$ cat my_file-v6.cif   # mmCIF, C-alpha atoms and all ligand atoms
data_entry
#
loop_
_atom_site.label_atom_id
_atom_site.label_comp_id
_atom_site.auth_asym_id
_atom_site.auth_seq_id
_atom_site.Cartn_x
_atom_site.Cartn_y
_atom_site.Cartn_z
CA MET A 1 0.00 0.00 0.00
CA LEU A 2 2.82 2.43 0.86
CA GLU A 3 4.29 1.77 -2.54
CA GLN A 4 0.99 2.60 -4.20
CA ILE A 5 0.68 5.83 -2.18
CA THR A 6 4.23 6.79 -3.13
CA ASN A 7 3.71 6.08 -6.81
CA GLU A 8 0.51 8.09 -6.82
CA ALA A 9 2.17 11.03 -5.06
CA LYS A 10 5.07 10.99 -7.51
CA THR A 11 2.69 11.58 -10.41
CA TYR A 12 2.05 15.05 -8.89
CA THR A 13 5.68 16.22 -8.76
CA LYS A 14 5.44 18.16 -12.01
CA GLU A 15 2.24 19.92 -10.97
CA GLY A 16 4.21 22.21 -8.68
CA LYS A 17 6.84 24.82 -9.45
CA PRO A 18 10.02 25.53 -7.48
CA ALA A 19 9.91 28.66 -5.29
CA PHE A 20 10.34 31.35 -7.89
CA TYR A 21 11.12 34.29 -5.60
CA ILE A 22 14.41 32.90 -4.25
CA PRO A 23 16.58 32.75 -7.39
CA VAL A 24 18.68 29.71 -6.39
CA LEU A 25 15.61 27.70 -5.33
CA ALA A 26 13.94 28.50 -8.64
CA LEU A 27 16.59 26.29 -10.27
CA GLN A 28 15.56 23.13 -8.35
CA SER A 29 14.31 20.18 -10.40
CA VAL A 30 10.70 19.41 -9.47
CA GLU A 31 11.08 15.73 -10.25
CA GLN A 32 12.69 14.90 -6.92
CA PHE A 33 10.63 13.05 -4.34
CA ALA A 34 11.75 11.56 -1.03
CA ALA A 35 9.83 10.45 2.06
CA CYS A 36 10.93 9.01 5.36
CA ILE A 37 8.88 7.67 8.26
CA VAL A 38 10.55 6.66 11.53
CA ASP A 39 8.75 5.04 14.46
CA GLU A 40 9.45 4.98 18.19
CA ASN A 41 11.34 1.68 17.87
CA GLY A 42 13.68 2.97 15.19
CA ASN A 43 11.98 1.24 12.25
CA TYR A 44 12.17 3.19 9.01
CA PHE A 45 10.25 3.45 5.78
CA GLU A 46 12.25 5.32 3.15
CA VAL A 47 11.62 6.15 -0.46
CA GLY A 48 13.81 8.24 -2.77
CA ASN A 49 17.09 9.76 -1.62
CA THR A 50 16.28 10.50 2.04
CA ASP A 51 19.85 11.71 2.67
CA GLU A 52 19.74 14.37 -0.02
CA LEU A 53 20.04 17.84 1.48
CA PHE A 54 17.65 20.74 0.98
CA THR A 55 17.18 23.99 2.85
CA LEU A 56 14.78 24.20 5.78
CA GLN A 57 13.08 27.44 4.72
CA SER A 58 9.96 27.81 6.83
CA ILE A 59 10.48 24.54 8.67
CA SER A 60 13.15 26.54 10.52
CA LYS A 61 10.29 28.52 12.10
CA VAL A 62 9.30 25.48 14.17
CA ILE A 63 12.85 24.83 15.28
CA ASN A 64 13.58 28.47 16.12
CA PHE A 65 10.37 28.67 18.13
CA MET A 66 11.29 25.59 20.17
CA VAL A 67 14.80 26.93 20.82
CA ALA A 68 13.53 30.37 21.88
CA CYS A 69 10.96 28.80 24.22
CA GLU A 70 13.54 26.53 25.79
CA TYR A 71 15.95 29.42 26.28
CA HIS A 72 13.55 32.08 27.58
CA GLY A 73 10.49 30.11 28.71
CA LEU A 74 7.25 29.88 26.77
CA GLN A 75 5.58 32.92 28.29
CA PHE A 76 8.43 35.27 27.40
CA VAL A 77 8.10 34.26 23.75
CA LEU A 78 4.30 34.45 23.74
CA ASP A 79 4.44 37.98 25.14
CA LYS A 80 5.99 39.02 21.82
CA VAL A 81 4.23 36.62 19.41
CA ASP A 82 0.64 35.43 19.47
CA VAL A 83 -0.77 31.98 18.61
CA GLU A 84 -3.59 33.03 16.27
CA PRO A 85 -3.86 31.81 12.67
CA THR A 86 -4.26 34.59 10.11
CA GLY A 87 -5.44 33.04 6.86
CA ASP A 88 -3.02 35.46 5.16
CA PRO A 89 -0.04 34.50 2.98
CA PHE A 90 3.17 33.67 4.90
CA ASN A 91 4.89 36.93 4.01
CA SER A 92 1.94 39.24 4.55
CA ILE A 93 2.51 42.62 6.17
CA ILE A 94 -1.03 43.86 6.40
CA ARG A 95 -1.88 42.97 10.00
CA LEU A 96 1.25 44.57 11.41
CA GLU A 97 -0.18 47.88 10.28
CA SER A 98 -3.93 47.32 10.51
CA THR A 99 -4.11 45.85 14.02
CA ALA A 100 -2.86 47.52 17.18
CA PRO A 101 -0.36 47.10 18.75
CA GLY A 102 1.16 45.29 15.74
CA LYS A 103 1.98 42.09 17.64
CA PRO A 104 2.72 39.33 15.11
CA PHE A 105 -0.10 36.79 14.98
CA ASN A 106 1.91 33.58 15.18
CA PRO A 107 5.48 32.25 14.87
CA MET A 108 4.74 30.25 11.69
CA ILE A 109 4.34 33.30 9.46
CA ASN A 110 7.30 35.48 8.59
CA ALA A 111 6.42 38.35 10.93
CA GLY A 112 6.23 36.12 14.00
CA ALA A 113 9.20 34.06 12.89
CA ILE A 114 11.39 37.14 12.48
CA THR A 115 10.48 38.24 16.01
CA VAL A 116 11.34 34.77 17.33
CA VAL A 117 14.73 34.86 15.59
CA SER A 118 15.49 38.18 17.30
CA MET A 119 15.14 36.32 20.64
CA LEU A 120 17.56 33.52 19.87
CA PRO A 121 20.63 33.32 22.11
CA GLY A 122 23.91 34.73 20.76
CA LYS A 123 25.64 38.05 20.23
CA THR A 124 25.78 37.87 16.43
CA ALA A 125 23.65 36.38 13.66
CA LYS A 126 26.22 33.62 13.22
CA ASP A 127 26.12 32.78 16.96
CA ARG A 128 22.35 32.44 16.82
CA VAL A 129 22.52 30.19 13.78
CA ALA A 130 25.22 28.04 15.40
CA TYR A 131 23.07 27.64 18.52
CA VAL A 132 20.09 26.42 16.49
CA ALA A 133 22.25 24.19 14.25
CA ASP A 134 23.66 22.57 17.37
CA PHE A 135 20.16 21.96 18.79
CA LEU A 136 19.19 20.38 15.48
CA SER A 137 22.32 18.21 15.37
CA ARG A 138 21.64 16.80 18.80
CA ILE A 139 18.29 15.49 17.51
CA THR A 140 19.33 14.35 14.03
CA GLY A 141 22.89 13.15 14.69
CA SER A 142 23.93 15.05 11.52
CA THR A 143 25.76 18.35 11.15
CA HIS A 144 23.82 21.19 9.55
CA GLN A 145 25.45 23.84 7.38
CA VAL A 146 24.09 27.01 5.88
CA ASN A 147 23.76 26.72 2.09
CA GLU A 148 25.61 29.95 1.28
CA ALA A 149 24.32 30.11 -2.29
CA VAL A 150 20.70 29.99 -1.09
CA TYR A 151 21.46 32.45 1.70
CA CYS A 152 23.13 34.97 -0.64
CA SER A 153 20.37 34.60 -3.17
CA GLU A 154 17.67 35.33 -0.59
CA ILE A 155 19.35 38.04 1.49
CA GLU A 156 19.74 40.16 -1.64
CA THR A 157 16.10 39.85 -2.62
CA THR A 158 14.36 39.78 0.75
CA HIS A 159 12.61 43.13 0.44
CA ARG A 160 9.31 42.03 1.99
CA ASN A 161 11.03 40.47 4.99
CA ARG A 162 13.09 43.63 5.41
CA ALA A 163 9.89 45.69 5.39
CA ILE A 164 8.29 43.33 7.92
CA ALA A 165 11.35 43.56 10.17
CA HIS A 166 11.21 47.37 10.11
CA TYR A 167 7.52 47.34 11.06
CA LEU A 168 8.31 44.96 13.92
CA LYS A 169 11.15 47.17 15.11
CA ALA A 170 8.94 50.26 14.98
CA ASN A 171 6.33 48.49 17.13
CA ASP A 172 8.93 47.15 19.59
CA TYR A 173 8.61 43.49 18.60
CA LEU A 174 12.23 43.00 17.61
CA LEU A 175 14.76 42.34 20.33
CA CYS A 176 17.80 43.27 18.25
CA ASP A 177 18.93 45.13 15.18
CA VAL A 178 16.92 44.74 11.93
CA GLU A 179 19.81 43.67 9.69
CA GLU A 180 21.26 41.26 12.23
CA THR A 181 17.86 39.64 12.72
CA LEU A 182 17.33 39.33 8.98
CA GLU A 183 20.75 37.78 8.50
CA ALA A 184 20.01 35.17 11.18
CA TYR A 185 16.48 34.56 9.87
CA ILE A 186 17.61 33.95 6.29
CA ARG A 187 20.64 31.91 7.36
CA LEU A 188 18.32 29.70 9.41
CA CYS A 189 15.99 29.31 6.40
CA SER A 190 19.11 28.23 4.47
CA LEU A 191 20.23 25.51 6.90
CA GLU A 192 20.48 22.17 5.15
CA VAL A 193 18.66 19.05 6.28
CA SER A 194 17.66 15.73 4.77
CA THR A 195 14.25 14.12 4.67
CA LYS A 196 15.50 11.67 7.29
CA ASP A 197 16.53 14.55 9.59
CA ILE A 198 13.06 16.03 9.26
CA ALA A 199 11.46 12.72 10.20
CA LYS A 200 13.60 12.58 13.35
CA ILE A 201 12.44 16.06 14.40
CA GLY A 202 8.86 14.85 13.89
CA LEU A 203 9.59 11.86 16.12
CA MET A 204 10.94 14.12 18.89
CA LEU A 205 7.73 16.16 18.72
CA ALA A 206 5.67 12.94 18.75
CA GLY A 207 7.45 12.15 22.02
CA ASN A 208 6.33 15.55 23.32
CA GLY A 209 9.91 16.74 23.48
CA ALA A 210 11.58 13.46 24.52
CA TYR A 211 13.24 11.57 21.69
CA PRO A 212 11.74 8.07 21.86
CA LEU A 213 14.90 6.29 20.70
CA THR A 214 17.12 7.70 23.46
CA ASP A 215 14.67 9.26 25.94
CA GLU A 216 16.70 12.46 25.76
CA GLU A 217 14.50 15.47 26.48
CA PHE A 218 15.00 18.33 24.03
CA ILE A 219 12.07 20.57 24.88
CA THR A 220 9.45 20.63 27.61
CA ARG A 221 6.14 18.88 27.14
CA ASN A 222 4.38 22.23 27.23
CA THR A 223 6.55 23.72 24.49
CA ALA A 224 5.97 20.58 22.39
CA LYS A 225 2.21 20.86 22.78
CA VAL A 226 2.11 24.54 21.85
CA THR A 227 4.42 23.87 18.89
CA LYS A 228 2.15 21.10 17.61
CA ALA A 229 -0.94 23.26 18.09
CA LEU A 230 0.74 25.99 16.01
CA MET A 231 1.74 23.49 13.34
CA THR A 232 -1.85 22.25 13.13
CA THR A 233 -3.44 25.69 12.96
CA CYS A 234 -0.77 27.69 11.11
CA GLY A 235 1.82 25.26 9.70
CA LEU A 236 0.69 25.18 6.07
CA TYR A 237 0.34 28.88 5.38
CA ASN A 238 -3.16 29.93 4.36
CA ALA A 239 -4.09 26.32 3.58
CA SER A 240 -3.76 25.21 7.23
CA GLY A 241 -7.51 24.88 7.80
CA LYS A 242 -8.04 22.91 4.61
CA TYR A 243 -5.30 20.43 5.54
CA ALA A 244 -6.45 20.19 9.16
CA ALA A 245 -9.72 18.94 7.69
CA SER A 246 -8.32 16.61 5.03
CA ILE A 247 -5.15 15.37 6.82
CA GLY A 248 -5.37 16.35 10.50
CA ILE A 249 -1.68 15.96 11.38
CA PRO A 250 0.54 18.69 12.90
CA MET A 251 2.77 19.71 9.99
CA LYS A 252 5.07 22.49 8.83
CA SER A 253 6.06 23.06 5.24
CA GLY A 254 8.74 25.20 3.66
CA VAL A 255 9.01 26.71 0.20
CA SER A 256 11.96 24.49 -0.69
CA GLY A 257 9.43 21.63 -0.75
CA GLY A 258 10.02 19.98 2.62
CA VAL A 259 7.24 18.99 5.01
CA LEU A 260 7.71 18.02 8.66
CA CYS A 261 4.94 15.90 10.23
CA THR A 262 4.45 14.44 13.67
CA VAL A 263 2.06 11.66 14.66
CA SER A 264 1.58 10.92 18.38
CA LYS A 265 0.14 7.45 17.78
CA GLY A 266 -0.44 5.51 14.63
CA ARG A 267 0.33 2.43 12.61
CA VAL A 268 1.69 2.51 9.07
CA GLU A 269 2.38 -1.07 7.97
CA HIS A 270 5.35 -2.29 10.07
CA LEU A 271 5.76 1.11 11.76
CA GLU A 272 3.89 1.70 14.97
CA GLY A 273 3.40 4.07 17.90
CA LYS A 274 4.95 7.54 17.75
CA LEU A 275 5.89 8.48 14.20
CA GLY A 276 7.98 11.19 12.62
CA ILE A 277 7.51 11.87 8.92
CA GLY A 278 9.63 13.90 6.52
CA VAL A 279 8.74 14.52 2.90
CA PHE A 280 10.61 16.46 0.22
CA SER A 281 9.50 17.39 -3.27
CA PRO A 282 10.39 20.89 -4.51
CA GLY A 283 7.38 21.57 -6.72
CA ILE A 284 5.16 23.84 -4.61
CA ASP A 285 1.71 25.29 -5.22
CA ASP A 286 0.76 28.98 -5.24
CA ILE A 287 0.37 28.95 -1.47
CA GLY A 288 3.84 27.46 -0.84
CA ASN A 289 3.16 23.78 -0.05
CA SER A 290 4.80 20.86 -1.86
CA VAL A 291 2.20 19.44 -4.24
CA ALA A 292 3.45 15.84 -4.32
CA GLY A 293 4.48 16.01 -0.66
CA MET A 294 1.00 17.02 0.47
CA LYS A 295 -0.58 14.39 -1.76
CA PHE A 296 1.62 11.71 -0.13
CA ILE A 297 0.69 12.84 3.39
CA GLU A 298 -2.99 13.15 2.54
CA ARG A 299 -3.17 9.60 1.16
CA LEU A 300 -1.11 8.31 4.10
CA SER A 301 -3.38 9.93 6.67
CA GLN A 302 -6.55 8.75 4.99
CA THR A 303 -5.31 5.18 4.43
CA TYR A 304 -3.91 4.68 7.94
CA ASP A 305 -6.38 6.88 9.82
CA LEU A 306 -3.71 9.21 11.21
CA SER A 307 -5.86 12.32 11.74
CA ILE A 308 -5.95 13.61 15.31
CA PHE A 309 -9.58 14.60 14.83
N1 LIG A 401 12.98 32.17 3.48
C1 LIG A 401 11.61 32.19 3.11
C2 LIG A 401 11.01 33.57 3.34
O1 LIG A 401 11.11 34.14 4.38
C3 LIG A 401 10.86 31.15 3.88
C4 LIG A 401 9.49 31.06 3.36
C5 LIG A 401 8.85 29.74 3.53
O2 LIG A 401 9.44 28.67 3.44
O3 LIG A 401 7.64 29.83 3.77
O4 LIG A 401 10.43 34.14 2.46
#

$ encode --input "my_file-v6.cif" --output "structure tokens"
Amino acid sequence: MLEQITNEAKTYTKEGKPAFYIPVLALQSVEQFAACIVDENGNYFEVGNTDELFTLQSISKVINFMVACEYHGLQFVLDKVDVEPTGDPFNSIIRLESTAPGKPFNPMINAGAITVVSMLPGKTAKDRVAYVADFLSRITGSTHQVNEAVYCSEIETTHRNRAIAHYLKANDYLLCDVEETLEAYIRLCSLEVSTKDIAKIGLMLAGNGAYPLTDEEFITRNTAKVTKALMTTCGLYNASGKYAASIGIPMKSGVSGGVLCTVSKGRVEHLEGKLGIGVFSPGIDDIGNSVAGMKFIERLSQTYDLSIF
């Protein structure tokens, strides 16, 4: 059955387009497809090249949020960023100006994510990135580098994010300098991971912060629960409601075509219990979600009854 789901998903790869607004990402071939599922006993299902690296893009928002909450405590972070979905595109500016006092609505859209990055520990952008990369490495067992070509390509063209950061600064929702925050934010978007790494992060979240394979605790249970609530309500841009209805799994996508999913309890063929799922296919839709990736997860959830609802 998994093979059938995979083959069906792969027929959708060419229906998406690579992220056009980041010049280096626009060059990605949409034919790639990889998926990895890991369960609490260390069993894997893998299809495609699950070690191939791609950049985190918006999946970094989940990781940065967890790191900021662990460092400062959840309440400190939530004082600066709300937990309300917007239904607006990920890079929208409108609510920063039209609602008082301009508090970003949630950490999964760019405005909230940029505020969260300004809270990360470190004196420089590079320190902040190193701190997050180290957190990630402890979960994945891999090392994570910034893809400099993707970073350079985006930092030069990130006019909307720069505008958002200035609004945030004007409204006192940025804890450090605009340019330093932007550098860290874009570098974190450009951190490289594999589909397998993403699945492991999903497994840690399925364990509510404790990694089932080692019992090591990475984040508190409370942070894990809030993170998963945010992924469910805001993780797929302005298609989050639609996918909550049709899939019902906490997920976060990024415009490079990756999707991070976490399942607290489920059974997918020989895999059972807590599950982490990573999917990568760079063809995205107009909203920013991987077309083949979402098709795979949708069929998986429906076939194996993985929805939390
Ligand atoms: N670096 C991207 C941006 O801020 C991330 C967008 C995304 O993956 O949603 O525009």

$ closest_atom_pairs --input "my_file-v6.cif" --of "chain A" --to "ligand LIG 401 (chain A)" --cutoff "10 Å" --atoms "all atoms listed in the file" --output "JSON lines"
{"residue": "A:Ala19", "atom": "CA", "partner": "A:LIG401", "partner_atom": "O2", "distance": 8.7}
{"residue": "A:Tyr21", "atom": "CA", "partner": "A:LIG401", "partner_atom": "O4", "distance": 8.1}
{"residue": "A:Ile22", "atom": "CA", "partner": "A:LIG401", "partner_atom": "N1", "distance": 7.9}
{"residue": "A:Thr55", "atom": "CA", "partner": "A:LIG401", "partner_atom": "O2", "distance": 9.1}
{"residue": "A:Leu56", "atom": "CA", "partner": "A:LIG401", "partner_atom": "O2", "distance": 7.3}
{"residue": "A:Gln57", "atom": "CA", "partner": "A:LIG401", "partner_atom": "O2", "distance": 4.0}
{"residue": "A:Ser58", "atom": "CA", "partner": "A:LIG401", "partner_atom": "O2", "distance": 3.5}
{"residue": "A:Ile59", "atom": "CA", "partner": "A:LIG401", "partner_atom": "O2", "distance": 6.7}
{"residue": "A:Ser60", "atom": "CA", "partner": "A:LIG401", "partner_atom": "O2", "distance": 8.3}
{"residue": "A:Lys61", "atom": "CA", "partner": "A:LIG401", "partner_atom": "C3", "distance": 8.6}
{"residue": "A:Pro89", "atom": "CA", "partner": "A:LIG401", "partner_atom": "O3", "distance": 9.0}
{"residue": "A:Phe90", "atom": "CA", "partner": "A:LIG401", "partner_atom": "O3", "distance": 6.0}
{"residue": "A:Asn91", "atom": "CA", "partner": "A:LIG401", "partner_atom": "O4", "distance": 6.4}
{"residue": "A:Met108", "atom": "CA", "partner": "A:LIG401", "partner_atom": "O3", "distance": 8.4}
{"residue": "A:Ile109", "atom": "CA", "partner": "A:LIG401", "partner_atom": "O3", "distance": 7.4}
{"residue": "A:Asn110", "atom": "CA", "partner": "A:LIG401", "partner_atom": "O1", "distance": 5.8}
{"residue": "A:Ala111", "atom": "CA", "partner": "A:LIG401", "partner_atom": "O1", "distance": 9.1}
{"residue": "A:Ala113", "atom": "CA", "partner": "A:LIG401", "partner_atom": "O1", "distance": 8.7}
{"residue": "A:Ile114", "atom": "CA", "partner": "A:LIG401", "partner_atom": "O1", "distance": 8.6}
{"residue": "A:Val150", "atom": "CA", "partner": "A:LIG401", "partner_atom": "N1", "distance": 9.2}
{"residue": "A:Tyr151", "atom": "CA", "partner": "A:LIG401", "partner_atom": "N1", "distance": 8.7}
{"residue": "A:Glu154", "atom": "CA", "partner": "A:LIG401", "partner_atom": "N1", "distance": 7.0}
{"residue": "A:Ile155", "atom": "CA", "partner": "A:LIG401", "partner_atom": "N1", "distance": 8.9}
{"residue": "A:Thr157", "atom": "CA", "partner": "A:LIG401", "partner_atom": "O4", "distance": 9.5}
{"residue": "A:Thr158", "atom": "CA", "partner": "A:LIG401", "partner_atom": "O4", "distance": 7.1}
{"residue": "A:His159", "atom": "CA", "partner": "A:LIG401", "partner_atom": "O4", "distance": 9.5}
{"residue": "A:Arg160", "atom": "CA", "partner": "A:LIG401", "partner_atom": "O4", "distance": 8.0}
{"residue": "A:Asn161", "atom": "CA", "partner": "A:LIG401", "partner_atom": "O1", "distance": 6.4}
{"residue": "A:Arg162", "atom": "CA", "partner": "A:LIG401", "partner_atom": "O1", "distance": 9.7}
{"residue": "A:Leu182", "atom": "CA", "partner": "A:LIG401", "partner_atom": "O1", "distance": 9.3}
{"residue": "A:Tyr185", "atom": "CA", "partner": "A:LIG401", "partner_atom": "N1", "distance": 7.7}
{"residue": "A:Ile186", "atom": "CA", "partner": "A:LIG401", "partner_atom": "N1", "distance": 5.7}
{"residue": "A:Arg187", "atom": "CA", "partner": "A:LIG401", "partner_atom": "N1", "distance": 8.6}
{"residue": "A:Leu188", "atom": "CA", "partner": "A:LIG401", "partner_atom": "N1", "distance": 8.4}
{"residue": "A:Cys189", "atom": "CA", "partner": "A:LIG401", "partner_atom": "N1", "distance": 5.1}
{"residue": "A:Ser190", "atom": "CA", "partner": "A:LIG401", "partner_atom": "N1", "distance": 7.4}
{"residue": "A:Gly235", "atom": "CA", "partner": "A:LIG401", "partner_atom": "O3", "distance": 9.5}
{"residue": "A:Leu236", "atom": "CA", "partner": "A:LIG401", "partner_atom": "O3", "distance": 8.7}
{"residue": "A:Tyr237", "atom": "CA", "partner": "A:LIG401", "partner_atom": "O3", "distance": 7.5}
{"residue": "A:Lys252", "atom": "CA", "partner": "A:LIG401", "partner_atom": "O3", "distance": 9.3}
{"residue": "A:Ser253", "atom": "CA", "partner": "A:LIG401", "partner_atom": "O2", "distance": 6.8}
{"residue": "A:Gly254", "atom": "CA", "partner": "A:LIG401", "partner_atom": "O2", "distance": 3.5}
{"residue": "A:Val255", "atom": "CA", "partner": "A:LIG401", "partner_atom": "O2", "distance": 3.8}
{"residue": "A:Ser256", "atom": "CA", "partner": "A:LIG401", "partner_atom": "O2", "distance": 6.4}
{"residue": "A:Gly257", "atom": "CA", "partner": "A:LIG401", "partner_atom": "O2", "distance": 8.2}
{"residue": "A:Gly258", "atom": "CA", "partner": "A:LIG401", "partner_atom": "O2", "distance": 8.7}
{"residue": "A:Ile287", "atom": "CA", "partner": "A:LIG401", "partner_atom": "O3", "distance": 9.0}
{"residue": "A:Gly288", "atom": "CA", "partner": "A:LIG401", "partner_atom": "O3", "distance": 6.4}
{"residue": "A:Asn289", "atom": "CA", "partner": "A:LIG401", "partner_atom": "O3", "distance": 8.4}

$ atom_distance --input "my_file-v6.cif" --atom1 "CA of Ile63 (chain A)" --atom2 "CA of Ile277 (chain A)"
15.4 Å

$ residues_around --input "my_file-v6.cif" --residues "Thr6 (chain A)" --least-positions-apart "5" --cutoff "12 Å" --atoms "only C-alpha atoms" --output "list in words"
Met1, Thr11, Tyr12, Thr13, Phe33, Ala34, Ala35, Cys36, Phe45, Glu46, Val47, Gly48, Val279, Ser281, Ala292, Gly293, Met294, Lys295, Phe296, Ile297, Glu298, Arg299 and Leu300 of chain A

$ residues_around --input "my_file-v6.cif" --residues "Glu180 (chain A)" --least-positions-apart "6" --cutoff "9 Å" --atoms "all atoms listed in the file" --output "short mmCIF file (atom, residue, chain, number, x, y, z; two decimals) with C-alpha atoms, keeping the file's coordinate frame"
data_model
loop_
_atom_site.label_atom_id
_atom_site.label_comp_id
_atom_site.auth_asym_id
_atom_site.auth_seq_id
_atom_site.Cartn_x
_atom_site.Cartn_y
_atom_site.Cartn_z
CA SER A 118 15.49 38.18 17.30
CA THR A 124 25.78 37.87 16.43
CA ALA A 125 23.65 36.38 13.66
#

$ residues_around --input "my_file-v6.cif" --residues "Ser137 (chain A)" --least-positions-apart "3" --cutoff "12 Å" --atoms "only C-alpha atoms" --output "number ranges by chain"
A: 63, 130-134, 140-145, 191-194, 197-198, 200-201, 218

$ closest_residue --input "my_file-v6.cif" --among "A:Ile139, A:Met204, A:Ile308, A:Val77" --to "Tyr173 (chain A)" --atoms "all atoms listed in the file"
A:Val77

$ closest_residue --input "my_file-v6.cif" --among "A:Ala9, A:Ile94, A:Val117, A:Ala224" --to "Glu179 (chain A)" --atoms "all atoms listed in the file"
A:Val117

$ closest_residue --input "my_file-v6.cif" --among "A:Ser307, A:Gly202, A:Tyr211, A:Val259" --to "Phe280 (chain A)" --atoms "all atoms listed in the file"
A:Val259

$ atom_distance --input "my_file-v6.cif" --atom1 "CA of Glu216 (chain A)" --atom2 "CA of Met231 (chain A)"
22.4 Å

$ closest_residue --input "my_file-v6.cif" --among "A:Pro101, A:Gly278, A:Gly73, A:Gly283" --to "Met119 (chain A)" --atoms "only C-alpha atoms"
A:Gly73

$ closest_residue --input "my_file-v6.cif" --among "A:Cys234, A:Val291, A:Ala244, A:Thr214" --to "Glu8 (chain A)" --atoms "only C-alpha atoms"
A:Val291

$ closest_residue --input "my_file-v6.cif" --among "A:Gly122, A:Pro212, A:Gly241, A:Pro85" --to "Thr181 (chain A)" --atoms "all atoms listed in the file"
A:Gly122

$ atom_distance --input "my_file-v6.cif" --atom1 "CA of Gly112 (chain A)" --atom2 "CA of Ile219 (chain A)"
19.9 Å

$ decode --input "my_file-v6.cif" --residues "region 152-157 of chain A" --atoms "all heavy atoms" --output "compact mmCIF listing (two decimals), in the first residue's frame"
# COMPACT_ATOMS: atom_id res chain seq x y z
N CYS A 152 22.78 33.75 0.10
CA CYS A 152 23.13 34.97 -0.64
C CYS A 152 22.01 35.35 -1.60
O CYS A 152 21.67 36.53 -1.75
CB CYS A 152 24.43 34.79 -1.42
SG CYS A 152 25.85 34.64 -0.35
N SER A 153 21.44 34.35 -2.21
CA SER A 153 20.37 34.60 -3.17
C SER A 153 19.17 35.25 -2.48
O SER A 153 18.54 36.16 -3.02
CB SER A 153 19.99 33.25 -3.80
OG SER A 153 18.86 33.33 -4.56
N GLU A 154 18.86 34.79 -1.26
CA GLU A 154 17.67 35.33 -0.59
C GLU A 154 17.94 36.66 0.10
O GLU A 154 17.09 37.56 0.06
CB GLU A 154 17.08 34.33 0.41
CG GLU A 154 15.75 34.86 0.91
CD GLU A 154 14.92 33.88 1.71
OE1 GLU A 154 15.39 32.76 1.95
OE2 GLU A 154 13.81 34.27 2.09
N ILE A 155 19.11 36.80 0.73
CA ILE A 155 19.35 38.04 1.49
C ILE A 155 19.31 39.26 0.56
O ILE A 155 18.89 40.34 0.94
CB ILE A 155 20.67 37.97 2.31
CG1 ILE A 155 20.71 39.05 3.40
CG2 ILE A 155 21.91 38.06 1.44
CD1 ILE A 155 19.91 38.78 4.62
N GLU A 156 19.72 39.04 -0.69
CA GLU A 156 19.74 40.16 -1.64
C GLU A 156 18.35 40.56 -2.11
O GLU A 156 18.14 41.65 -2.61
CB GLU A 156 20.53 39.74 -2.89
CG GLU A 156 22.02 39.79 -2.69
CD GLU A 156 22.76 39.07 -3.83
OE1 GLU A 156 22.14 38.76 -4.86
OE2 GLU A 156 23.96 38.83 -3.62
N THR A 157 17.42 39.61 -2.01
CA THR A 157 16.10 39.85 -2.62
C THR A 157 14.98 39.89 -1.58
O THR A 157 13.81 39.89 -1.93
CB THR A 157 15.78 38.71 -3.62
OG1 THR A 157 15.96 37.46 -2.95
CG2 THR A 157 16.68 38.76 -4.84
